[in-house]
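The structure appears below as structure tokens.
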There are 2 protein chains.
Amino acid sequence: MGVTKTENFTKSQNQLAAYAKALAHPARVAIIEYLLKHQTCICGDLVDELPLAQATVSQHLKELKQVGIIKGEIEGSSICYCIDNKVWNEAKDMLVNLFMSKVTKNTCC
Amino acid sequence: MGVTKTENFTKSQNQLAAYAKALAHPARVAIIEYLLKHQTCICGDLVDELPLAQATVSQHLKELKQVGIIKGEIEGSSICYCIDNKVWNEAKDMLVNLFMSKVTKNTCC
DNA sequence: AAATATTATCGCAATATTACGATAACACAA
DNA sequence: TTGTGTTATCGTAATATTGCGATAATATTT
């Protein structure tokens, strides 16, 4: 993210930005949508599903895992990914909270 | 954003990612929060408010303007920024829609 | 017109992201 | 053990982001 001065912003602002960043790439949006659709978790079907190389998909999964939105579990020789409800709800709450605070009109513009 | 293969994803996925990206930096979150708090729009109070140089603030404003979330209007010798309700609501709808589709538990993990 | 105030843009350096092939690491099967 | 399938990691190239000083552009004031 370049040379971001994270220390000058609040924890909440940084956390919200981190969640937003997790969704800031169409491939990761696609991954999340897939995981939401197939309530049940899946594995490397994502590699077939997405128009990206296996290494790239793995990298996107890593980012989502790092921010906590998804988690993986070993399932035989493959790995089963799914949404982490706790983190997912926290992200939802932070975003919904931000968006809901907009009431009506501006005084100018 | 690196060498993103945007053309291989849906319009909706790219649009959602673009909105998320707008919020993917604490400075831009801070700008949005400020604009939401001061229902009325403001100008370069943001430069005083944020721990960043004027040029940097201007750059973040430009990004928010490009995605459409905010808009600016000339107000004398300064510029008045505010949230664009139409775009803001569209972003809200897309994000809320994504987050609300998560129902209950996973079958594994 | 000249000075001042406000915002945008340019140019640059440092760092991060995206993508992929190659390869490692691991579990399971033959 | 030797393969086979699955996922992670490494290394690298291309591009994007972040930040800031310097400067341009514009409007207002003197």
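Each chain in the structure tokens gets a letter, A, B, ..., in the order shown, and its residues are numbered from 1; ligands are numbered from 1 in order too.
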
### Task
With a cut-off of 8 Å and counting only C-alpha atoms (C1' of nucleotides), select all residues of chain C in contact with chain A and give the selection as a ChimeraX atom specification.
/C:14-17,19-20,26-28

Go ahead and dump the residues you just picked, N, CA and C atoms (P, O5', C5', C4', C3', O3' and C1' of nucleotides), as a short mmCIF file (atom, residue, chain, number, x, y, z; two decimals), in the first residue's frame.
data_model
loop_
_atom_site.label_atom_id
_atom_site.label_comp_id
_atom_site.auth_asym_id
_atom_site.auth_seq_id
_atom_site.Cartn_x
_atom_site.Cartn_y
_atom_site.Cartn_z
P DA C 14 14.68 6.13 -2.39
"O5'" DA C 14 13.38 5.44 -1.76
"C5'" DA C 14 12.75 6.05 -0.65
"C4'" DA C 14 11.52 5.27 -0.29
"C3'" DA C 14 11.77 3.76 -0.15
"O3'" DA C 14 11.22 3.33 1.08
"C1'" DA C 14 9.96 4.18 -1.63
P DT C 15 11.41 1.81 1.55
"O5'" DT C 15 10.01 1.16 1.13
"C5'" DT C 15 8.82 1.77 1.59
"C4'" DT C 15 7.64 1.21 0.85
"C3'" DT C 15 7.50 -0.31 0.92
"O3'" DT C 15 6.31 -0.58 1.65
"C1'" DT C 15 7.01 0.54 -1.24
P DA C 16 5.84 -2.07 1.96
"O5'" DA C 16 4.62 -2.27 0.95
"C5'" DA C 16 3.69 -1.23 0.74
"C4'" DA C 16 2.66 -1.67 -0.27
"C3'" DA C 16 2.28 -3.13 -0.21
"O3'" DA C 16 0.86 -3.22 -0.25
"C1'" DA C 16 3.01 -2.58 -2.40
P DT C 17 0.14 -4.63 -0.33
"O5'" DT C 17 -0.21 -4.78 -1.89
"C5'" DT C 17 -0.88 -3.73 -2.54
"C4'" DT C 17 -1.13 -4.11 -4.00
"C3'" DT C 17 -1.74 -5.50 -4.19
"O3'" DT C 17 -2.85 -5.32 -5.07
"C1'" DT C 17 0.19 -5.24 -5.55
P DA C 19 -4.47 -10.19 -10.74
"O5'" DA C 19 -3.29 -11.03 -11.39
"C5'" DA C 19 -2.70 -10.55 -12.60
"C4'" DA C 19 -1.48 -11.38 -12.94
"C3'" DA C 19 -1.71 -12.89 -12.82
"O3'" DA C 19 -1.84 -13.46 -14.12
"C1'" DA C 19 0.42 -12.20 -11.94
P DC C 20 -2.22 -14.97 -14.31
"O5'" DC C 20 -0.79 -15.65 -14.38
"C5'" DC C 20 0.14 -15.19 -15.34
"C4'" DC C 20 1.47 -15.84 -15.07
"C3'" DC C 20 1.37 -17.36 -14.88
"O3'" DC C 20 2.25 -18.01 -15.78
"C1'" DC C 20 2.69 -16.36 -13.18
P DC C 26 6.14 -30.13 5.03
"O5'" DC C 26 4.81 -30.98 4.79
"C5'" DC C 26 3.55 -30.30 4.63
"C4'" DC C 26 2.59 -31.21 3.91
"C3'" DC C 26 2.59 -32.65 4.43
"O3'" DC C 26 1.49 -32.81 5.32
"C1'" DC C 26 2.34 -32.47 2.02
P DA C 27 1.23 -34.29 6.02
"O5'" DA C 27 0.11 -34.90 5.05
"C5'" DA C 27 -1.11 -34.18 4.84
"C4'" DA C 27 -1.94 -34.93 3.82
"C3'" DA C 27 -2.21 -36.39 4.19
"O3'" DA C 27 -3.56 -36.71 3.89
"C1'" DA C 27 -1.14 -36.28 2.08
P DC C 28 -4.21 -38.06 4.46
"O5'" DC C 28 -4.26 -38.95 3.14
"C5'" DC C 28 -5.00 -38.47 2.03
"C4'" DC C 28 -4.62 -39.26 0.79
"C3'" DC C 28 -4.77 -40.79 0.93
"O3'" DC C 28 -5.68 -41.24 -0.05
"C1'" DC C 28 -2.69 -40.22 -0.06
#

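Per DSSP on the backbone, strand (DSSP E or B) in chain A comprises Ile42, Ile70, Lys71, Gly72, Glu73, Ile74, Glu75, Ser78, Ile79, Cys80, Tyr81, Cys82 and Ile83 of chain A.
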
### Task
Run DSSP on the backbone of this structure and report the residues of chain B it assigns to helix (DSSP H, G or I), as a ChimeraX atom specification.
/B:6-8,11-22,26-37,45-49,54-67,85-100

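The spacing separating CA of Gln13 in chain A from CA of Ala30 in chain B amounts to 6.7 Å.
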
### Message
For a quick test of understanding: name the residues of chain D lying within 12 Å of chain B when counting only C-alpha atoms (C1' of nucleotides), and present them as an MDAnalysis selection string.
### Response
chainID D and resid 13:23 25:29

Per residue of chain A within 8 Å of chain B, which atom pair is closest and at what distance in Å (one decimal), using only C-alpha atoms, listed by chain and increasing number, as a tab-separated table?
residue	atom	partner	partner_atom	distance
A:Thr6	CA	B:Pro26	CA	7.0
A:Asn8	CA	B:Pro51	CA	6.4
A:Phe9	CA	B:Pro26	CA	6.4
A:Gln13	CA	B:Pro26	CA	5.1
A:Asn14	CA	B:Pro26	CA	5.1
A:Leu16	CA	B:Pro26	CA	7.6
A:Ala17	CA	B:Ala24	CA	4.2
A:Ala18	CA	B:Ala24	CA	6.3
A:Tyr19	CA	B:Ala24	CA	7.5
A:Ala20	CA	B:Ala24	CA	4.8
A:Lys21	CA	B:Ala24	CA	4.4
A:Leu23	CA	B:Ala17	CA	5.7
A:Ala24	CA	B:Ala17	CA	4.2
A:His25	CA	B:Ala17	CA	5.0
A:Pro26	CA	B:Asn14	CA	5.1
A:Ala27	CA	B:Phe9	CA	7.3
A:Val29	CA	B:Gln13	CA	6.1
A:Ala30	CA	B:Gln13	CA	6.7
A:Glu33	CA	B:Leu98	CA	7.6
A:Leu36	CA	B:Lys102	CA	5.9
A:Gln39	CA	B:Asn106	CA	5.8
A:Thr40	CA	B:Thr107	CA	4.9
A:Cys41	CA	B:Asn106	CA	6.5
A:Pro51	CA	B:Asn8	CA	6.4
A:Lys71	CA	B:Cys109	CA	7.4
A:Gly72	CA	B:Cys109	CA	6.9
A:Glu73	CA	B:Cys109	CA	5.9
A:Cys80	CA	B:Cys109	CA	7.4
A:Tyr81	CA	B:Cys109	CA	7.4
A:Cys82	CA	B:Cys109	CA	6.8
A:Ile83	CA	B:Asn106	CA	7.8
A:Asn85	CA	B:Lys105	CA	7.7
A:Trp88	CA	B:Phe99	CA	7.9
A:Lys92	CA	B:Phe99	CA	6.1
A:Val96	CA	B:Val96	CA	6.9
A:Leu98	CA	B:Glu33	CA	7.6
A:Phe99	CA	B:Lys92	CA	6.1
A:Ser101	CA	B:Leu36	CA	6.8
A:Lys102	CA	B:Leu36	CA	5.9
A:Lys105	CA	B:Gln39	CA	7.6
A:Asn106	CA	B:Thr40	CA	5.0
A:Thr107	CA	B:Thr40	CA	4.9
A:Cys108	CA	B:Cys41	CA	6.5
A:Cys109	CA	B:Glu73	CA	5.9

### Query
Could you state the separation of CA of Glu90 in chain A and CA of Ile69 in chain A in Å, given to one decimal place?
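Going from CA of Glu90 in chain A over to CA of Ile69 in chain A covers 9.4 Å.
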
### Query
Any idea what the distance is between CA of Glu49 in chain A and CA of Lys62 in chain A?
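A separation of 17.2 Å between them.
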
### Query
Can you list, as an NGL selection string, every protein, DNA or RNA residue that comes within 12 Å of DA22 in chain C when you count only C-alpha atoms (C1' of nucleotides), leaving out same-chain residues fewer than 4 positions away?
(:A and (55)) or (:D and (9-12))

### Task
Check the smallest atom-to-atom distance from each of C:DT4, C:DT9, C:DT23, C:DT18 to DA24 in chain D using only C-alpha atoms (C1' of nucleotides), then report the winner.
C:DT9
